[in-house]
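For reference, the structure is listed below as structure tokens.
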Number of protein chains: 2
Amino acid sequence: MAGGISLKELAAELKLAPSTVSRALNDSYEISEETKKRVISMAEKLNYHANPFARSLRENKSKTIAVIIPERINNFFAQVVDGIEEIAQEHGYHLLIYNTHEDLERERKIVNLLLNGRADAVVMSVTSQTSDISHLQKLHDRGLPIVFFDRVRADIPTTKFITNDYESALEGTNHLIKQGCKKIAFLTLGKDLSITQERQRGYAEALKNSGLEVKPELTLYCSHEEEDNIKKIEGLLASPDRPDGIVSSAEKLAFATYHAVKKSKLVMPYDLKLVSFANSSIAGLLNPSLTTITQPALSIGNECAKLLIKKLTKPKHYELIDKVITIPSKFTIRESTLRD
Amino acid sequence: MAGGISLKELAAELKLAPSTVSRALNDSYEISEETKKRVISMAEKLNYHANPFARSLRENKSKTIAVIIPERINNFFAQVVDGIEEIAQEHGYHLLIYNTHEDLERERKIVNLLLNGRADAVVMSVTSQTSDISHLQKLHDRGLPIVFFDRVRADIPTTKFITNDYESALEGTNHLIKQGCKKIAFLTLGKDLSITQERQRGYAEALKNSGLEVKPELTLYCSHEEEDNIKKIEGLLASPDRPDGIVSSAEKLAFATYHAVKKSKLVMPYDLKLVSFANSSIAGLLNPSLTTITQPALSIGNECAKLLIKKLTKPKHYELIDKVITIPSKFTIRESTLRD
DNA sequence: ATAATATGCGGAATCGATTTCGAAAAAGTA
DNA sequence: TACTTTTTCGAAATCGATTCCGCATATTAT
């Protein structure tokens, strides 16, 4: 667009060949120290900056990592992105960010956008509706390094980072049982997500272990509409057989529960105890403060980026082998599960 | 990286010249409908995707907007980015995201990274420490379209989007006064930020209008370390002359206040009333629920992106003139400012 | 002194898409 | 029939940096 000077112009100014200037700037061994200094100082003087597109075109790499998340107004994803950026910035990588807004169609479009090599690698967490994965398969087939986190798809053979969903849900549910809950409900988002299935499995296992019945009507499938969720939870709380404990598999469902409880004129933790997967820093400020299972978001982001950058810089020494790496969550007990 | 087919190969497959294929794909008038169809169907069959770097190099534009924010784990900034993305996605623009982590040195590095044309335009909100602006000046001098939001710098002549900081702070402070507060403190981040200065001005004006004294010791300059802030606020609340009301110019300072109040064994809103600039959706779930001044984050993001894209697509018809556009905040009264 | 090697640099091809210029073929006009 | 105009397409230059190849000059070995 504007005033950038090109390598050729810089070379002309120095009365050198473009090839020489290029080598000097890239600190090639075939250029004398003296020439290098001359070139570098002139480059600074003329404010030369290499055109990234010319370089990417020639080298066939972009120094860019694409990150695809389902929503941004979400502490967990925001923290993961921060974790990715931390490592990326260290290694001179740029971050392209895409938000699917939990919409499969958008996810498809975005993934197709990445088919052209704009990014060297992809970090992603799928939509809660993602059932068909042909678009992801295509991306993977093209040889683009890709890692998944949190909402992963087992059917794409690459490395995935998750937390110990099963164990955490088990622990959280056990805690509710220990605090005296007899009828424990489970709140979840899509049925297609492996992580929520795992959390549900942990929840069910805990119930079984304690001889409690797993009733289907106590599992509530929620949407991404806060109002709808509040109503659904209100409905659950209004039933004659209302639960005395809730395990929520997502932060936003915990918030919806607070609203529903308020509307239902119930009082936590007396009428209902709540434990939730959550990454918000203000869980302790809620009324009552929220017992949480906190995912190691920053670490997950860090690990995703580290692995990808290793793969990008030393392709031969690292493979994105098909395996799941688990980083444990942290369980924090607060007032929402206080024993009466 | 891997299996992308090039335009030339596609052309060879079709027994056409690359120029013809390019024109066909770009729907040029000089190509017959029949050829276009042939080309398009073959392109799909062979899974052709244009190399974005070759195109960017040739056209000297990247279809990319860079967004620089000071922190990501912040509802306001997350919402603004969402607003930007919404518009960008509509127009086929990509988003490069950078986080300065409130660090001026990092901001400089990032801005310098953008000097090479990687992005067609920049949307940014400066660090709370940004005093020297030579790096921003350089970016602007280079002719890169740039708009600021929220944390703006008056000394760069371009368009800025903010909210009505002065009026909102005035309104919030007036509300506290009406609710009976006599000693109102003000919490703020950097002194260099124009928006916090404006908020402070609104706060002071409200006090003056009501005949209350503006005491310097009631203005607390906080940092980005939550623990430090909590201690500082605790100190404020422990003073013999402790305030009975607080106007907080940032969401995180409101949260710190909740913690400090808890530690101080005080009770809101009886001992202290609080109003804060905040964008978190769970202000209503806090105990007590928080009276907020909510910035129109999504709209701000939308407007930034709309303006830039207009400028990028019709450079002659739009100028990023040096002016400040104000989008008003929303004041929501909740329990934290209830009259006793 | 002659051959062999190292050092320092230039020329030109290359990455892939766009676009200017031009030319052949088809259609219309006189 | 001859000539102009339109339609449709091809050849080659271009964007800017990297790199393969080659060529001097200087240094060392024989």
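Letters for chains follow the order of the structure tokens (A, B, ...), residue numbers begin at 1 for each chain, and ligand numbers begin at 1 in the order shown.
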
Each chain D residue no farther than 7 Å from chain A, nearest pair in Å, only C-alpha atoms (C1' of nucleotides), as JSON lines:
```
{"residue": "D:DG16", "atom": "C1'", "partner": "A:Ala54", "partner_atom": "CA", "distance": 5.1}
{"residue": "D:DA17", "atom": "C1'", "partner": "A:Arg55", "partner_atom": "CA", "distance": 5.3}
{"residue": "D:DT18", "atom": "C1'", "partner": "A:Arg58", "partner_atom": "CA", "distance": 6.5}
```

Generate a file of the selected residues that holds N, CA and C atoms (P, O5', C5', C4', C3', O3' and C1' of nucleotides), formatted as an mmCIF file, in the first residue's frame.
```cif
data_model
loop_
_atom_site.group_PDB
_atom_site.id
_atom_site.type_symbol
_atom_site.label_atom_id
_atom_site.label_comp_id
_atom_site.auth_asym_id
_atom_site.auth_seq_id
_atom_site.Cartn_x
_atom_site.Cartn_y
_atom_site.Cartn_z
ATOM 1 P P DG D 16 6.907 -4.637 -4.917
ATOM 2 O "O5'" DG D 16 7.693 -5.772 -4.146
ATOM 3 C "C5'" DG D 16 7.135 -6.328 -2.976
ATOM 4 C "C4'" DG D 16 7.991 -7.466 -2.487
ATOM 5 C "C3'" DG D 16 9.460 -7.114 -2.276
ATOM 6 O "O3'" DG D 16 9.833 -7.617 -1.022
ATOM 7 C "C1'" DG D 16 9.284 -9.039 -3.601
ATOM 8 P P DA D 17 11.236 -7.318 -0.381
ATOM 9 O "O5'" DA D 17 11.782 -8.790 -0.162
ATOM 10 C "C5'" DA D 17 11.044 -9.646 0.706
ATOM 11 C "C4'" DA D 17 11.382 -11.091 0.419
ATOM 12 C "C3'" DA D 17 12.824 -11.493 0.727
ATOM 13 O "O3'" DA D 17 12.795 -12.584 1.623
ATOM 14 C "C1'" DA D 17 12.179 -12.207 -1.451
ATOM 15 P P DT D 18 14.099 -13.179 2.250
ATOM 16 O "O5'" DT D 18 14.367 -14.434 1.312
ATOM 17 C "C5'" DT D 18 13.406 -15.476 1.289
ATOM 18 C "C4'" DT D 18 13.812 -16.536 0.290
ATOM 19 C "C3'" DT D 18 15.188 -17.175 0.511
ATOM 20 O "O3'" DT D 18 14.993 -18.579 0.472
ATOM 21 C "C1'" DT D 18 14.960 -16.488 -1.724
#
```

With a cut-off of 6 Å and counting only C-alpha atoms, select all residues of chain A in contact with chain B and give the selection as a list in words.
Ala2, Gly3, His49, Asn51, Phe53, Ala54, Leu57, Ile73, Ala78, Leu95, Leu96, Ile97, Asn116, Arg142, Gly143, Leu286 and Asn287 of chain A

Write the residues of the selection above to a file with C-alpha atoms, as a short mmCIF file (atom, residue, chain, number, x, y, z; two decimals), in the first residue's frame.
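Contents of out-v1.cif, as written:
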```cif
data_model
loop_
_atom_site.label_atom_id
_atom_site.label_comp_id
_atom_site.auth_asym_id
_atom_site.auth_seq_id
_atom_site.Cartn_x
_atom_site.Cartn_y
_atom_site.Cartn_z
CA ALA A 2 2.11 2.82 1.26
CA GLY A 3 5.73 3.66 1.65
CA HIS A 49 10.74 -4.34 6.18
CA ASN A 51 7.33 -8.22 2.51
CA PHE A 53 3.82 -12.33 1.35
CA ALA A 54 6.76 -12.53 -0.96
CA LEU A 57 5.14 -17.38 -1.28
CA ILE A 73 -17.03 -14.54 25.48
CA ALA A 78 -10.07 -16.80 26.16
CA LEU A 95 -2.36 -15.84 15.32
CA LEU A 96 -5.40 -15.85 13.07
CA ILE A 97 -8.52 -16.22 15.14
CA ASN A 116 -5.38 -22.58 0.90
CA ARG A 142 -4.17 -31.95 3.08
CA GLY A 143 -1.37 -32.43 5.53
CA LEU A 286 -21.01 -15.45 43.45
CA ASN A 287 -23.72 -15.91 46.01
#
```

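Closest to chain B among C:DA24, C:DA30, C:DA4, C:DA17 is C:DA17, based on only C-alpha atoms (C1' of nucleotides).
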
Per-residue nearest contacts of chain C to chain A (9 Å; only C-alpha atoms (C1' of nucleotides)) as JSON lines:
```
{"residue": "C:DT7", "atom": "C1'", "partner": "A:Glu30", "partner_atom": "CA", "distance": 7.2}
{"residue": "C:DG8", "atom": "C1'", "partner": "A:Ile31", "partner_atom": "CA", "distance": 6.0}
{"residue": "C:DC9", "atom": "C1'", "partner": "A:Thr20", "partner_atom": "CA", "distance": 6.5}
{"residue": "C:DG10", "atom": "C1'", "partner": "A:Ala17", "partner_atom": "CA", "distance": 6.0}
{"residue": "C:DG11", "atom": "C1'", "partner": "A:Ala17", "partner_atom": "CA", "distance": 8.8}
{"residue": "C:DT14", "atom": "C1'", "partner": "A:Arg58", "partner_atom": "CA", "distance": 7.6}
{"residue": "C:DC15", "atom": "C1'", "partner": "A:Arg58", "partner_atom": "CA", "distance": 4.4}
{"residue": "C:DG16", "atom": "C1'", "partner": "A:Leu57", "partner_atom": "CA", "distance": 7.5}
```

Taken to one decimal, the atom CA of A:Thr294-atom CA of A:Leu189 distance is 17.4 Å

Which of stretch 138-205 of chain A end up as strand (DSSP E) when DSSP is run on this backbone - answer as a list in words?
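Selection result, strand (DSSP E) within stretch 138-205 of chain A: Ile146, Val147, Phe148, Phe149, Lys160, Phe161, Ile162, Ile184, Ala185, Phe186, Leu187 and Thr188 of chain A.
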
With N, CA and C atoms retained, write the just-selected residues as a PDB file, in the first residue's frame.
```pdb
ATOM      1  N   ILE A 146      -2.647 -30.181  12.673  1.00  0.00           N
ATOM      2  CA  ILE A 146      -3.813 -29.702  13.401  1.00  0.00           C
ATOM      3  C   ILE A 146      -3.883 -30.405  14.749  1.00  0.00           C
ATOM      4  N   VAL A 147      -4.137 -29.646  15.777  1.00  0.00           N
ATOM      5  CA  VAL A 147      -4.359 -30.264  17.090  1.00  0.00           C
ATOM      6  C   VAL A 147      -5.704 -29.783  17.621  1.00  0.00           C
ATOM      7  N   PHE A 148      -6.325 -30.652  18.370  1.00  0.00           N
ATOM      8  CA  PHE A 148      -7.605 -30.311  18.975  1.00  0.00           C
ATOM      9  C   PHE A 148      -7.427 -30.115  20.470  1.00  0.00           C
ATOM     10  N   PHE A 149      -8.300 -29.339  21.048  1.00  0.00           N
ATOM     11  CA  PHE A 149      -8.294 -29.253  22.509  1.00  0.00           C
ATOM     12  C   PHE A 149      -9.737 -29.208  22.995  1.00  0.00           C
ATOM     13  N   LYS A 160      -4.571 -34.642  20.704  1.00  0.00           N
ATOM     14  CA  LYS A 160      -5.652 -33.865  21.325  1.00  0.00           C
ATOM     15  C   LYS A 160      -5.302 -33.576  22.776  1.00  0.00           C
ATOM     16  N   PHE A 161      -5.653 -32.404  23.210  1.00  0.00           N
ATOM     17  CA  PHE A 161      -5.424 -32.033  24.609  1.00  0.00           C
ATOM     18  C   PHE A 161      -6.765 -31.846  25.304  1.00  0.00           C
ATOM     19  N   ILE A 162      -6.930 -32.553  26.370  1.00  0.00           N
ATOM     20  CA  ILE A 162      -8.161 -32.386  27.134  1.00  0.00           C
ATOM     21  C   ILE A 162      -7.821 -32.418  28.619  1.00  0.00           C
ATOM     22  N   ILE A 184     -29.367 -36.120  42.045  1.00  0.00           N
ATOM     23  CA  ILE A 184     -28.430 -35.207  41.392  1.00  0.00           C
ATOM     24  C   ILE A 184     -28.689 -35.130  39.889  1.00  0.00           C
ATOM     25  N   ALA A 185     -28.848 -33.913  39.415  1.00  0.00           N
ATOM     26  CA  ALA A 185     -29.088 -33.713  37.986  1.00  0.00           C
ATOM     27  C   ALA A 185     -27.783 -33.363  37.276  1.00  0.00           C
ATOM     28  N   PHE A 186     -27.810 -33.516  35.962  1.00  0.00           N
ATOM     29  CA  PHE A 186     -26.624 -33.219  35.151  1.00  0.00           C
ATOM     30  C   PHE A 186     -27.014 -32.280  34.021  1.00  0.00           C
ATOM     31  N   LEU A 187     -26.302 -31.177  33.903  1.00  0.00           N
ATOM     32  CA  LEU A 187     -26.589 -30.216  32.837  1.00  0.00           C
ATOM     33  C   LEU A 187     -25.503 -30.302  31.780  1.00  0.00           C
ATOM     34  N   THR A 188     -25.928 -30.358  30.526  1.00  0.00           N
ATOM     35  CA  THR A 188     -24.927 -30.486  29.471  1.00  0.00           C
ATOM     36  C   THR A 188     -25.352 -29.762  28.197  1.00  0.00           C
TER      37      THR A 188
END
```
